[in-house]
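Novice: Input structure: structure-v8.txt, which contains compact mmCIF, C-alpha atoms.
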# COMPACT_ATOMS: atom_id res chain seq x y z
CA MET A 1 15.50 -13.31 -26.70
CA THR A 2 15.97 -9.76 -28.01
CA PRO A 3 18.43 -7.87 -25.80
CA ILE A 4 16.67 -5.76 -23.20
CA LEU A 5 18.21 -2.38 -22.45
CA GLN A 6 18.66 -1.66 -18.75
CA THR A 7 17.26 1.48 -17.11
CA LYS A 8 18.08 3.41 -13.95
CA THR A 9 15.99 5.19 -11.33
CA PRO A 10 16.28 9.00 -11.89
CA LEU A 11 16.96 9.73 -8.25
CA HIS A 12 18.55 13.16 -8.53
CA PHE A 13 15.97 15.02 -10.61
CA LEU A 14 12.63 14.84 -8.86
CA ASN A 15 11.97 15.48 -5.19
CA PRO A 16 11.53 18.96 -3.62
CA ASN A 17 13.77 20.13 -0.79
CA LYS A 18 12.20 19.32 2.57
CA ASP A 19 14.22 21.85 4.56
CA ALA A 20 13.03 24.69 2.33
CA LEU A 21 9.42 23.53 2.60
CA VAL A 22 9.62 23.25 6.40
CA ALA A 23 11.04 26.75 6.63
CA GLU A 24 8.23 28.09 4.45
CA PHE A 25 5.18 26.30 5.87
CA VAL A 26 5.68 24.97 9.43
CA GLY A 27 3.68 27.08 11.86
CA LYS A 28 1.18 28.32 9.28
CA PRO A 29 -2.55 27.73 9.82
CA LEU A 30 -4.30 25.52 7.29
CA ASN A 31 -6.31 28.40 5.86
CA ALA A 32 -3.05 30.07 4.83
CA LEU A 33 -2.10 27.23 2.47
CA ARG A 34 -2.46 27.31 -1.29
CA THR A 35 -5.27 24.97 -2.29
CA PRO A 36 -5.73 22.22 -3.19
CA ALA A 37 -3.51 20.92 -0.38
CA PHE A 38 -3.08 17.38 0.91
CA VAL A 39 -3.13 17.24 4.73
CA VAL A 40 -2.23 14.28 6.95
CA ASP A 41 -2.91 14.08 10.68
CA ARG A 42 0.27 12.50 12.05
CA ALA A 43 -1.39 11.45 15.32
CA VAL A 44 -4.13 9.49 13.55
CA PHE A 45 -1.63 8.03 11.05
CA ALA A 46 0.60 6.88 13.93
CA ASP A 47 -2.32 5.46 15.88
CA ASN A 48 -3.38 3.41 12.86
CA CYS A 49 0.15 2.02 12.65
CA LYS A 50 0.31 1.27 16.38
CA LYS A 51 -2.98 -0.58 16.41
CA MET A 52 -1.91 -2.53 13.34
CA HIS A 53 1.14 -3.71 15.30
CA GLU A 54 -1.17 -4.80 18.10
CA ASN A 55 -3.30 -6.79 15.67
CA VAL A 56 -0.28 -8.44 14.07
CA ARG A 57 1.08 -9.36 17.48
CA ASN A 58 -2.26 -10.84 18.52
CA TRP A 59 -2.42 -12.83 15.31
CA GLY A 60 1.08 -14.18 15.79
CA ALA A 61 2.18 -13.33 12.25
CA THR A 62 5.15 -11.39 10.92
CA PHE A 63 4.49 -8.10 9.15
CA ARG A 64 5.68 -6.45 5.94
CA GLY A 65 4.62 -2.82 5.57
CA HIS A 66 3.61 -1.60 2.11
CA LEU A 67 4.92 1.88 1.35
CA LYS A 68 2.93 2.62 -1.80
CA THR A 69 0.31 4.88 -0.22
CA HIS A 70 2.47 7.46 1.58
CA LYS A 71 5.90 6.87 -0.06
CA THR A 72 7.79 8.79 2.65
CA ILE A 73 10.65 8.37 5.12
CA GLU A 74 8.51 9.59 8.01
CA GLY A 75 5.57 7.33 7.18
CA THR A 76 7.85 4.31 6.86
CA LYS A 77 9.25 4.85 10.34
CA LEU A 78 5.75 5.05 11.81
CA GLN A 79 4.64 1.95 9.90
CA LEU A 80 7.52 -0.17 11.11
CA VAL A 81 8.24 1.01 14.65
CA SER A 82 5.84 1.74 17.51
CA ASP A 83 5.90 1.19 21.25
CA VAL A 84 3.98 -2.08 20.84
CA GLY A 85 5.78 -3.68 17.92
CA ARG A 86 8.22 -3.36 15.09
CA SER A 87 9.17 -4.87 11.75
CA SER A 88 12.07 -4.30 9.37
CA ALA A 89 10.41 -5.69 6.21
CA VAL A 90 8.72 -3.60 3.53
CA VAL A 91 7.18 -4.03 0.13
CA VAL A 92 7.42 -1.33 -2.53
CA SER A 93 5.61 -0.80 -5.81
CA THR A 94 8.37 1.24 -7.44
CA LEU A 95 12.14 1.25 -7.36
CA MET A 96 11.95 4.95 -6.56
CA GLU A 97 10.39 3.93 -3.23
CA ALA A 98 13.14 1.35 -2.65
CA TRP A 99 15.92 3.82 -3.36
CA GLY A 100 14.10 6.42 -1.26
CA VAL A 101 14.32 4.03 1.69
CA VAL A 102 18.04 3.55 1.11
CA GLN A 103 18.92 7.19 0.52
CA GLY A 104 16.74 8.25 3.44
CA GLY A 105 19.07 6.36 5.78
CA LEU A 106 16.49 3.74 6.77
CA VAL A 107 18.73 0.84 5.73
CA ALA A 108 21.90 2.24 7.30
CA ASP A 109 20.15 2.77 10.64
CA GLY A 110 18.59 -0.71 10.62
CA THR A 111 14.96 0.40 10.27
CA VAL A 112 14.60 -1.53 7.00
CA LYS A 113 16.43 -4.80 6.41
CA ASP A 114 14.20 -6.53 3.86
CA ILE A 115 12.77 -4.93 0.68
CA LEU A 116 10.36 -6.77 -1.60
CA TYR A 117 9.83 -5.26 -5.05
CA GLY A 118 6.12 -5.95 -5.27
CA LEU A 119 5.63 -6.34 -9.04
CA PRO A 120 6.70 -9.26 -11.21
CA VAL A 121 10.35 -8.52 -11.84
CA GLY A 122 10.90 -6.04 -14.68
CA LEU A 123 13.62 -7.38 -16.94
CA ASN A 124 14.78 -3.87 -17.85
CA LYS A 125 15.31 -3.10 -14.16
CA LEU A 126 17.79 -5.85 -13.28
CA ASP A 127 20.84 -3.58 -13.26
CA ASP A 128 18.99 -1.26 -10.91
CA LEU A 129 17.76 -4.13 -8.74
CA SER A 130 21.28 -5.54 -8.63
CA ALA A 131 22.65 -2.20 -7.46
CA LEU A 132 19.92 -2.10 -4.83
CA HIS A 133 20.79 -5.67 -3.81
CA ALA A 134 24.45 -4.72 -3.42
CA GLU A 135 23.57 -1.68 -1.31
CA MET A 136 21.28 -3.72 0.94
CA THR A 137 23.91 -6.44 1.31
CA ARG A 138 26.40 -3.83 2.58
CA TYR A 139 24.21 -3.44 5.65
CA GLY A 140 23.25 -7.09 6.06
CA GLY A 141 19.89 -6.62 4.34
CA THR A 142 18.19 -8.33 1.43
CA VAL A 143 16.13 -7.62 -1.69
CA ARG A 144 13.38 -9.97 -2.79
CA ILE A 145 11.53 -10.19 -6.09
CA ILE A 146 8.26 -11.63 -7.39
CA LEU A 147 8.00 -14.24 -10.15
CA ASP A 148 5.00 -15.53 -12.08
CA HIS A 149 6.40 -16.56 -15.51
CA LEU A 150 9.20 -18.85 -16.65
CA ASP A 151 10.56 -16.24 -19.07
CA GLN A 152 11.47 -14.20 -16.00
CA VAL A 153 13.42 -17.16 -14.64
CA LYS A 154 15.21 -17.70 -17.95
CA PHE A 155 16.23 -14.07 -18.22
CA LEU A 156 17.48 -13.97 -14.64
CA GLU A 157 19.67 -17.00 -15.34
CA GLU A 158 21.09 -15.44 -18.49
CA TYR A 159 21.65 -12.16 -16.69
CA GLU A 160 23.49 -13.77 -13.78
CA MET A 161 25.67 -15.88 -16.10
CA GLU A 162 27.11 -12.63 -17.43
CA GLN A 163 27.97 -11.31 -13.95
CA GLU A 164 31.42 -11.64 -12.41
CA HIS A 165 29.83 -12.86 -9.17
CA PRO A 166 26.48 -14.54 -9.95
CA LYS A 167 23.89 -14.46 -7.18
CA LYS A 168 20.67 -16.17 -6.27
CA TRP A 169 17.55 -14.02 -6.13
CA SER A 170 15.22 -14.54 -3.18
CA ALA A 171 11.77 -14.77 -4.72
CA PHE A 172 8.11 -14.98 -3.84
CA ILE A 173 5.93 -16.86 -6.31
CA LYS A 174 2.86 -14.72 -6.97
CA MET A 175 -0.42 -16.64 -7.03
CA ASN A 176 -3.53 -15.76 -9.02
CA GLY A 177 -6.67 -16.42 -7.03
CA GLY A 178 -8.96 -15.48 -9.91
CA GLN A 179 -8.53 -11.70 -9.76
CA LYS A 180 -6.63 -11.68 -13.09
CA ARG A 181 -4.01 -9.27 -11.85
CA ALA A 182 -0.52 -10.76 -11.50
CA GLY A 183 0.14 -14.37 -10.60
CA ILE A 184 0.18 -17.99 -11.70
CA LEU A 185 -2.93 -20.11 -11.40
CA PRO A 186 -2.83 -22.95 -8.85
CA GLU A 187 -3.71 -25.60 -11.44
CA PRO A 188 -1.74 -28.65 -10.22
CA VAL A 189 -0.18 -29.88 -13.48
CA SER A 190 1.01 -26.52 -14.82
CA PHE A 191 1.93 -25.17 -11.38
CA LYS A 192 4.04 -28.20 -10.47
CA ALA A 193 5.82 -27.98 -13.82
CA PHE A 194 6.49 -24.30 -13.11
CA MET A 195 7.87 -25.07 -9.65
CA LYS A 196 10.05 -27.91 -10.96
CA ARG A 197 11.72 -25.47 -13.34
CA VAL A 198 12.09 -22.79 -10.65
CA PHE A 199 13.59 -25.19 -8.12
CA ALA A 200 16.13 -26.29 -10.73
CA SER A 201 17.25 -22.72 -11.41
CA PRO A 202 20.72 -21.67 -10.17
CA ALA A 203 19.49 -18.05 -10.05
CA ILE A 204 16.44 -18.49 -7.79
CA SER A 205 15.87 -19.28 -4.13
CA VAL A 206 12.14 -19.63 -3.39
CA PHE A 207 11.27 -17.65 -0.28
CA GLY A 208 7.53 -18.18 -0.28
CA PHE A 209 4.14 -17.64 -1.92
CA TYR A 210 2.32 -14.35 -2.22
CA SER A 211 -1.41 -13.77 -2.58
CA HIS A 212 -3.53 -10.63 -2.62
CA ALA A 213 -7.33 -10.77 -2.75
CA GLY A 214 -7.89 -7.60 -4.73
CA ASN A 215 -11.50 -8.57 -5.29
CA SER A 216 -12.28 -8.32 -1.58
CA TYR A 217 -12.38 -4.52 -1.44
CA GLY A 218 -16.15 -4.62 -1.77
CA SER A 219 -16.64 -6.54 1.49
CA THR A 220 -19.52 -5.15 3.51
CA SER A 221 -20.02 -7.90 6.07
CA LEU A 222 -17.94 -9.91 8.47
CA GLU A 223 -18.93 -13.10 6.68
CA GLN A 224 -17.67 -11.81 3.34
CA ALA A 225 -14.45 -10.55 4.86
CA THR A 226 -13.70 -13.85 6.56
CA SER A 227 -14.41 -15.77 3.37
CA TYR A 228 -11.93 -13.66 1.41
CA LEU A 229 -9.18 -14.05 3.99
CA THR A 230 -9.72 -17.79 4.19
CA GLY A 231 -9.40 -17.98 0.41
CA GLU A 232 -6.20 -15.95 0.44
CA VAL A 233 -4.52 -18.14 3.02
CA ARG A 234 -5.78 -21.32 1.35
CA LEU A 235 -4.37 -20.21 -2.01
CA ALA A 236 -0.87 -19.58 -0.65
CA ASN A 237 -1.01 -22.67 1.53
CA ASP A 238 -2.10 -24.98 -1.31
CA ALA A 239 0.68 -23.58 -3.48
CA ALA A 240 3.21 -24.33 -0.74
CA ALA A 241 1.87 -27.87 -0.38
CA MET A 242 2.25 -28.57 -4.11
CA ALA A 243 5.70 -26.97 -4.08
CA MET A 244 6.77 -29.24 -1.23
CA GLU A 245 5.73 -32.27 -3.27
CA VAL A 246 7.86 -31.07 -6.18
CA LEU A 247 10.76 -30.15 -3.92
CA ALA A 248 10.82 -33.61 -2.37
CA GLU A 249 11.83 -34.98 -5.77
CA SER A 250 14.19 -32.14 -6.70
CA ASP A 251 17.96 -32.43 -6.81
CA ASN A 252 18.05 -28.98 -5.20
CA ARG A 253 15.84 -29.81 -2.22
CA GLU A 254 18.62 -28.97 0.24
CA VAL A 255 18.85 -25.44 -1.18
CA HIS A 256 15.25 -24.63 -0.25
CA ASN A 257 15.13 -25.98 3.28
CA GLN A 258 13.61 -23.06 5.23
CA PRO A 259 9.84 -22.99 5.83
CA PHE A 260 8.10 -21.16 3.02
CA VAL A 261 6.64 -17.78 3.90
CA LEU A 262 2.94 -17.44 3.07
CA SER A 263 2.48 -13.73 2.49
CA VAL A 264 -1.18 -12.67 2.50
CA GLY A 265 -3.19 -9.53 3.04
CA SER A 266 -5.72 -7.40 1.23
CA THR A 267 -9.00 -5.88 2.35
CA PRO A 268 -10.89 -5.94 5.64
CA THR A 269 -11.17 -9.71 5.65
CA ALA A 270 -10.73 -11.34 9.03
CA LEU A 271 -12.81 -9.26 11.42
CA SER A 272 -15.26 -12.09 12.05
CA ALA A 273 -12.63 -14.82 12.52
CA THR A 274 -12.48 -16.39 15.96
CA MET A 275 -9.28 -17.35 17.74
CA ALA A 276 -10.32 -20.98 17.43
CA ALA A 277 -10.63 -20.64 13.67
CA LYS A 278 -7.28 -18.88 13.51
CA LEU A 279 -5.57 -21.61 15.51
CA LYS A 280 -7.13 -24.29 13.34
CA MET A 281 -5.92 -22.55 10.18
CA THR A 282 -2.40 -22.09 11.57
CA SER A 283 -2.17 -25.76 12.53
CA ILE A 284 -2.42 -26.89 8.90
CA LEU A 285 -0.15 -24.31 7.31
CA ASN A 286 2.70 -25.41 5.04
CA GLY A 287 4.85 -22.45 6.07
CA THR A 288 4.84 -19.33 8.24
CA LEU A 289 2.31 -16.53 7.84
CA GLU A 290 3.37 -13.01 6.86
CA LEU A 291 0.95 -10.11 6.61
CA HIS A 292 2.00 -7.84 3.75
CA THR A 293 -0.85 -5.40 4.15
CA GLY A 294 -1.49 -3.44 7.28
CA LYS A 295 -4.52 -4.38 9.32
CA ARG A 296 -7.10 -1.73 9.87
CA PRO A 297 -6.92 -0.88 13.58
CA SER A 298 -10.37 -1.93 14.69
CA SER A 299 -12.37 -0.44 17.53
CA ARG A 300 -14.54 -3.53 17.47
CA ASP A 301 -13.76 -6.77 19.29
CA SER A 302 -12.04 -9.29 17.04
CA ALA A 303 -9.60 -12.11 17.44
CA TRP A 304 -7.64 -11.18 14.33
CA GLY A 305 -8.59 -7.66 13.36
CA GLU A 306 -8.66 -7.38 9.60
CA PRO A 307 -6.21 -6.63 6.83
CA ILE A 308 -7.06 -3.76 4.55
CA CYS A 309 -6.14 -2.35 1.14
CA THR A 310 -2.41 -2.71 0.72
CA GLY A 311 -0.69 0.06 2.67
CA ASN A 312 -3.93 2.04 2.78
CA TYR A 313 -4.59 1.43 6.48
CA THR A 314 -2.28 4.32 7.42
CA MET A 315 -4.53 6.91 5.72
CA LEU A 316 -7.89 5.29 4.82
CA ASP A 317 -10.64 6.81 2.67
CA LEU A 318 -14.27 6.53 1.53
CA GLN A 319 -13.72 3.22 -0.22
CA GLN A 320 -12.67 1.71 3.09
CA LEU A 321 -15.40 3.56 5.01
CA HIS A 322 -17.97 1.79 2.85
CA THR A 323 -16.88 -1.57 4.22
CA THR A 324 -18.35 -0.48 7.61
CA LEU A 325 -15.17 -1.85 9.23
CA ILE A 326 -13.60 1.55 9.87
CA ASP A 327 -14.93 4.78 11.35
CA ARG A 328 -14.47 8.34 10.10
CA PRO A 329 -12.10 9.41 12.93
CA GLN A 330 -9.55 6.83 11.69
CA ILE A 331 -9.17 8.56 8.31
CA SER A 332 -5.92 10.51 8.59
CA GLN A 333 -5.95 12.33 5.25
CA LYS A 334 -7.98 15.08 3.65
CA VAL A 335 -7.69 17.59 0.84
CA LEU A 336 -8.17 21.29 1.48
CA ALA A 337 -10.00 23.16 -1.27
CA THR A 338 -11.39 26.65 -1.74
CA VAL A 339 -14.96 27.46 -2.79
CA ILE A 340 -14.52 29.63 -5.88
CA SER A 341 -18.11 30.09 -7.12
CA TYR A 342 -21.73 29.39 -6.13
CA TYR A 343 -24.80 28.52 -8.22
CA PRO A 344 -28.16 28.83 -6.39
CA GLY A 345 -30.88 26.44 -7.55
CA ARG A 346 -28.80 24.96 -10.39
CA GLY A 347 -28.74 21.39 -9.11
CA SER A 348 -31.28 18.61 -9.18
CA ASP A 349 -34.61 19.45 -7.55
CA GLY A 350 -33.55 23.09 -7.40
CA GLN A 351 -30.72 22.49 -4.95
CA ASP A 352 -27.64 24.70 -4.92
CA GLU A 353 -24.29 23.83 -6.43
CA ALA A 354 -20.85 25.34 -5.94
CA MET A 355 -17.40 25.09 -7.50
CA CYS A 356 -14.09 24.38 -5.75
CA ASP A 357 -10.50 24.37 -6.95
CA ALA A 358 -9.92 20.62 -6.39
CA GLY A 359 -10.58 18.48 -9.44
CA GLY A 360 -9.62 15.14 -10.89
CA ILE A 361 -5.88 15.60 -10.45
CA ALA A 362 -6.13 16.69 -6.80
CA MET A 363 -8.76 14.07 -5.87
CA SER A 364 -8.33 11.32 -8.52
CA LYS A 365 -11.30 10.10 -10.53
CA ASP A 366 -11.64 6.87 -8.59
CA THR A 367 -15.16 6.18 -7.46
CA GLY A 368 -16.63 3.83 -4.89
CA HIS A 369 -19.89 2.59 -3.44
CA ILE A 370 -20.36 5.88 -1.57
CA PRO A 371 -21.68 8.29 -4.24
CA GLY A 372 -19.48 11.07 -5.56
CA PHE A 373 -15.75 11.74 -5.56
CA GLY A 374 -15.50 12.97 -1.97
CA GLU A 375 -17.36 14.12 1.12
CA VAL A 376 -17.03 17.64 2.52
CA VAL A 377 -16.16 17.33 6.21
CA GLY A 378 -18.83 18.79 8.49
CA LYS A 379 -20.97 19.98 5.56
CA SER A 380 -24.01 18.43 3.89
CA TRP A 381 -22.20 18.61 0.56
CA LYS A 382 -20.27 16.17 -1.61
CA LEU A 383 -17.87 16.47 -4.52
CA GLY A 384 -20.39 15.37 -7.12
CA ARG A 385 -18.64 16.04 -10.44
CA ILE A 386 -15.05 16.78 -11.36
CA SER A 387 -13.01 18.11 -14.24
CA GLN A 388 -9.23 18.26 -14.39
CA GLU A 389 -8.65 21.23 -12.08
CA HIS A 390 -12.03 21.97 -10.54
CA GLY A 391 -14.88 20.15 -8.87
CA ILE A 392 -18.62 20.71 -8.60
CA LEU A 393 -20.00 20.52 -5.08
CA THR A 394 -23.56 19.27 -4.74
CA GLN A 395 -25.87 19.30 -1.76
CA VAL A 396 -26.82 16.11 0.10
CA PRO A 397 -29.30 15.53 2.95
CA PRO A 398 -27.85 16.35 6.40
CA ASP A 399 -26.32 13.33 8.17
CA PRO A 400 -26.13 13.86 11.94
CA GLU A 401 -24.38 10.51 12.46
CA SER A 402 -21.38 11.65 10.40
CA GLY A 403 -21.50 15.22 11.61
CA ARG A 404 -22.15 16.47 8.07
CA THR A 405 -25.04 18.79 8.87
CA ASN A 406 -23.98 22.32 7.90
CA PRO A 407 -25.68 23.29 4.59
CA THR A 408 -23.88 26.60 4.09
CA LEU A 409 -21.00 27.32 1.75
CA LYS A 410 -19.48 30.71 0.98
CA ILE A 411 -17.24 31.84 -1.83
CA GLY A 412 -13.69 32.05 -0.51
CA GLU A 413 -14.31 29.47 2.23
CA THR A 414 -11.74 26.71 2.76
CA ILE A 415 -13.33 23.26 2.95
CA GLU A 416 -11.96 19.81 3.80
CA ILE A 417 -12.72 16.88 1.49
CA VAL A 418 -12.19 13.17 2.17
CA GLY A 419 -11.89 11.40 -1.17
CA GLN A 420 -12.51 7.91 -2.43
CA HIS A 421 -8.98 6.47 -2.71
CA ALA A 422 -6.15 7.85 -0.59
CA CYS A 423 -3.39 6.08 -2.54
CA LEU A 424 -4.15 7.88 -5.81
CA ILE A 425 -4.98 11.17 -4.12
CA ALA A 426 -1.64 11.24 -2.31
CA ALA A 427 0.17 10.40 -5.54
CA ALA A 428 -0.98 13.68 -7.11
CA HIS A 429 0.49 15.98 -4.46
CA PRO A 430 4.17 17.03 -4.43
CA TRP A 431 4.31 17.20 -0.62
CA TYR A 432 2.03 16.63 2.36
CA TYR A 433 1.16 19.22 5.02
CA ILE A 434 1.38 17.48 8.39
CA ILE A 435 -0.78 18.41 11.37
CA ASP A 436 -0.98 16.65 14.74
CA SER A 437 -4.31 16.47 16.55
CA ASP A 438 -2.53 15.29 19.72
CA GLU A 439 -0.97 18.73 19.89
CA GLY A 440 -4.39 20.36 19.61
CA SER A 441 -3.37 22.39 16.61
CA ASN A 442 -4.49 22.85 13.04
CA LYS A 443 -1.18 24.44 12.19
CA VAL A 444 1.39 22.76 10.01
CA VAL A 445 3.96 20.91 12.16
CA ASP A 446 5.96 19.17 9.44
CA ILE A 447 6.22 18.52 5.71
CA TRP A 448 6.56 15.04 4.24
CA VAL A 449 8.04 14.81 0.75
CA PRO A 450 6.97 11.60 -1.04
CA TRP A 451 9.14 9.70 -3.50
CA LYS A 452 7.82 10.50 -6.96
CA GLY A 453 8.40 8.59 -10.16
CA TRP A 454 9.26 5.01 -10.94
Take the structure from the file and write it as structure tokens.
Specialist:
Amino acid sequence: MTPILQTKTPLHFLNPNKDALVAEFVGKPLNALRTPAFVVDRAVFADNCKKMHENVRNWGATFRGHLKTHKTIEGTKLQLVSDVGRSSAVVVSTLMEAWGVVQGGLVADGTVKDILYGLPVGLNKLDDLSALHAEMTRYGGTVRIILDHLDQVKFLEEYEMEQEHPKKWSAFIKMNGGQKRAGILPEPVSFKAFMKRVFASPAISVFGFYSHAGNSYGSTSLEQATSYLTGEVRLANDAAAMAMEVLAESDNREVHNQPFVLSVGSTPTALSATMAAKLKMTSILNGTLELHTGKRPSSRDSAWGEPICTGNYTMLDLQQLHTTLIDRPQISQKVLATVISYYPGRGSDGQDEAMCDAGGIAMSKDTGHIPGFGEVVGKSWKLGRISQEHGILTQVPPDPESGRTNPTLKIGETIEIVGQHACLIAAAHPWYYIIDSDEGSNKVVDIWVPWKGW
């Protein structure tokens, strides 16, 4: 194999200074902020996290919080610790997030003890992952990786052979349930051959099996949601069963003697599941269940609640609103924008249009089943078209159920927009303005600085 040059996370060159931002903005009203501005209601964010802990506790599973949506120290603390539950396991999408956890003191203070790098292991990142592993080990923690190809296993073995103190990597095997993202297909012959090779590796310790039903985001009924969750659990469980057959014949069977962890979680999938169905499913598991996506805190009666888009449950958005399994008051994020021009009668059927200063970068160009790129809070307007740095606001019929009834817009007015996909919207903003509705204030009470980069 051609030598692969190792890379490092550029930790010291990116993030703004929180203390300076707090000094500048805390106490200011929202209409005094430069727009576009990303605003998070800390009270709603925290309540989503608390109710997720309640759902996980009721389900009887362990929990691994995904940090990819908010990417912050403050958000991580709220995700992992509440007055009804706690976890010390996280999954990250970037090594910048992982190092942000470490440098933010969350490993040293015991908040985080288990970090899963949530992509198939990047071979050019092994030096960086090894440094992260060493730092976690200092505090009694661990780093886990994801595997879905034998070349990854081969490279890990070669890499560790060159180390003064070779180590075993704790790994999830990522399963492909037909979504064609990451993962290995559960075809018995090829999968068992894969597992035989992995179990024989001196560089790998199999921790469990990981599945993510990315195709379930379009669920709009309880029946659909339940079907997707059942498929997710079945996929990980069947993989564990086949792995146990292989392991029984392996010379290394004593090395992999803990129950496999079946890590599942995706969209709003289990709202319709009964406790009886849950108990039946648990009774046939070939391992222990771990939820790696937060569950949407449901106001509706459910035995399980439901998992939602990975990490997204803390903020939520229009894509999740479309599922009908969340309500508008649970959305904790919004983008402030300013109306900068107005065009009477220019729209379809002679309706008015307007322009705001939030475009594709501030809102992302993700779309969803709800038309447009965002809804204007309290107004019968939507973000109908977007360019890079501006958006066109178009009129929609008043909707009393959502409270979007006010048809008026004025040039210079500050508006609030809830967009389609909170994860990508948050990623565009250098810091978040934090408000707290429990304090009855629309003034900035804190600034969260997300970890940027990879």
Novice: For a quick check of understanding, using all atoms listed in the file, which of A:Glu135, A:Glu290, A:Asp83, A:Glu401 has the smallest distance to Gly65 of chain A?
Specialist: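 Closest residue, counting all atoms listed in the file: A:Glu290.
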Novice: Tell me which residues come within 6 Å of (11.2, -13.7, -1.2), as an MDAnalysis selection string, counting all atoms listed in the file in the file's coordinates.
Specialist: chainID A and resid 144 170:172 207:208
Novice: Considering all atoms listed in the file, return as a PDB file with C-alpha atoms, keeping the file's coordinate frame whatever protein or nucleic-acid residues lie within 7 Å of segment 99-102 of chain A, sequence-local ones (same chain, fewer than 5 positions apart) excluded.
Specialist:
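Saved file result-v2.pdb follows:
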ATOM      1  CA  ILE A  73      10.650   8.370   5.120  1.00  0.00           C
ATOM      2  CA  VAL A 107      18.730   0.840   5.730  1.00  0.00           C
ATOM      3  CA  TRP A 451       9.140   9.700  -3.500  1.00  0.00           C
TER       4      TRP A 451
END
Novice: Determine the nearest neighbour of Val26 of chain A from the options A:Ser402, A:Asn312, A:Asn442, A:Thr69, counting only C-alpha atoms.
Specialist: A:Asn442
Novice: Out of A:Thr394, A:Ser130, A:Ser201, A:Thr288, which residue has the shortest atom-to-atom distance to Phe63 of chain A when counting only C-alpha atoms?
Specialist: A:Thr288
Novice: Using all atoms listed in the file, determine which residues lie at most 10 Å from segment 245-261 of chain A, disregarding the query and same-chain residues fewer than 6 positions distant; provide the list as JSON, numbers by chain.
Specialist: {"A": [62, 172, 191, 192, 193, 194, 195, 196, 197, 199, 200, 201, 202, 204, 205, 206, 207, 208, 209, 210, 236, 237, 285, 286, 287, 288, 289, 290, 291]}
Novice: Taking only C-alpha atoms into account, name the residue in A:Thr94, A:Gly75, A:Ala337, A:Leu132 that is nearest to Thr414 of chain A.
Specialist: A:Ala337
Novice: What is the atom CA of Arg234 of chain A-atom CA of Tyr117 of chain A distance in Å, reported with one decimal?
Specialist: 23.3 Å
Novice: For each of A:Gln319, A:Ser437, A:Gln6, A:Thr324, take the minimum atom-to-atom distance to Gly368 of chain A, counting all atoms listed in the file, then give the residue where this is smallest.
Specialist: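 Checking each candidate against Gly368 of chain A, we get A:Gln319 as the closest.
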Novice: So, with all atoms listed in the file as the atoms that count, which of A:Ser190, A:Ser263, A:His70, A:Ala134 lies closest to Leu116 of chain A?
Specialist: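 Of A:Ser190, A:Ser263, A:His70, A:Ala134, the one nearest Leu116 of chain A, counting all atoms listed in the file, is A:Ser263.
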Novice: Set the distance at 7 Å and use only C-alpha atoms: which residues neighbour segment 88-93 of chain A once local chain neighbours fewer than 4 positions away are removed? I'd like the list as a list in words.
Specialist: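 Near neighbours after the sequence-gap exclusion: Arg64, Gly65, His66, Leu67, Lys68, Leu80, Glu97, Ala98, Thr111, Val112, Lys113, Asp114, Ile115, Leu116, Tyr117, Gly118 and Leu119 of chain A.
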Novice: When you look at Cys356 of chain A with a cut-off of 12 Å (counting all atoms listed in the file), what residues show up, excluding the ones that are within fewer than 3 positions of it in the same chain? I need them as number ranges by chain.
Specialist: A: 35-36, 335-343, 353, 359-360, 362-363, 376, 381-394, 409-417
Novice: For the selection just defined, write its residues with C-alpha atoms to a file, as a tab-separated table (two decimals), keeping the file's coordinate frame.
Specialist:
chain	number	residue	atom	x	y	z
A	35	THR	CA	-5.27	24.97	-2.29
A	36	PRO	CA	-5.73	22.22	-3.19
A	335	VAL	CA	-7.69	17.59	0.84
A	336	LEU	CA	-8.17	21.29	1.48
A	337	ALA	CA	-10.00	23.16	-1.27
A	338	THR	CA	-11.39	26.65	-1.74
A	339	VAL	CA	-14.96	27.46	-2.79
A	340	ILE	CA	-14.52	29.63	-5.88
A	341	SER	CA	-18.11	30.09	-7.12
A	342	TYR	CA	-21.73	29.39	-6.13
A	343	TYR	CA	-24.80	28.52	-8.22
A	353	GLU	CA	-24.29	23.83	-6.43
A	359	GLY	CA	-10.58	18.48	-9.44
A	360	GLY	CA	-9.62	15.14	-10.89
A	362	ALA	CA	-6.13	16.69	-6.80
A	363	MET	CA	-8.76	14.07	-5.87
A	376	VAL	CA	-17.03	17.64	2.52
A	381	TRP	CA	-22.20	18.61	0.56
A	382	LYS	CA	-20.27	16.17	-1.61
A	383	LEU	CA	-17.87	16.47	-4.52
A	384	GLY	CA	-20.39	15.37	-7.12
A	385	ARG	CA	-18.64	16.04	-10.44
A	386	ILE	CA	-15.05	16.78	-11.36
A	387	SER	CA	-13.01	18.11	-14.24
A	388	GLN	CA	-9.23	18.26	-14.39
A	389	GLU	CA	-8.65	21.23	-12.08
A	390	HIS	CA	-12.03	21.97	-10.54
A	391	GLY	CA	-14.88	20.15	-8.87
A	392	ILE	CA	-18.62	20.71	-8.60
A	393	LEU	CA	-20.00	20.52	-5.08
A	394	THR	CA	-23.56	19.27	-4.74
A	409	LEU	CA	-21.00	27.32	1.75
A	410	LYS	CA	-19.48	30.71	0.98
A	411	ILE	CA	-17.24	31.84	-1.83
A	412	GLY	CA	-13.69	32.05	-0.51
A	413	GLU	CA	-14.31	29.47	2.23
A	414	THR	CA	-11.74	26.71	2.76
A	415	ILE	CA	-13.33	23.26	2.95
A	416	GLU	CA	-11.96	19.81	3.80
A	417	ILE	CA	-12.72	16.88	1.49
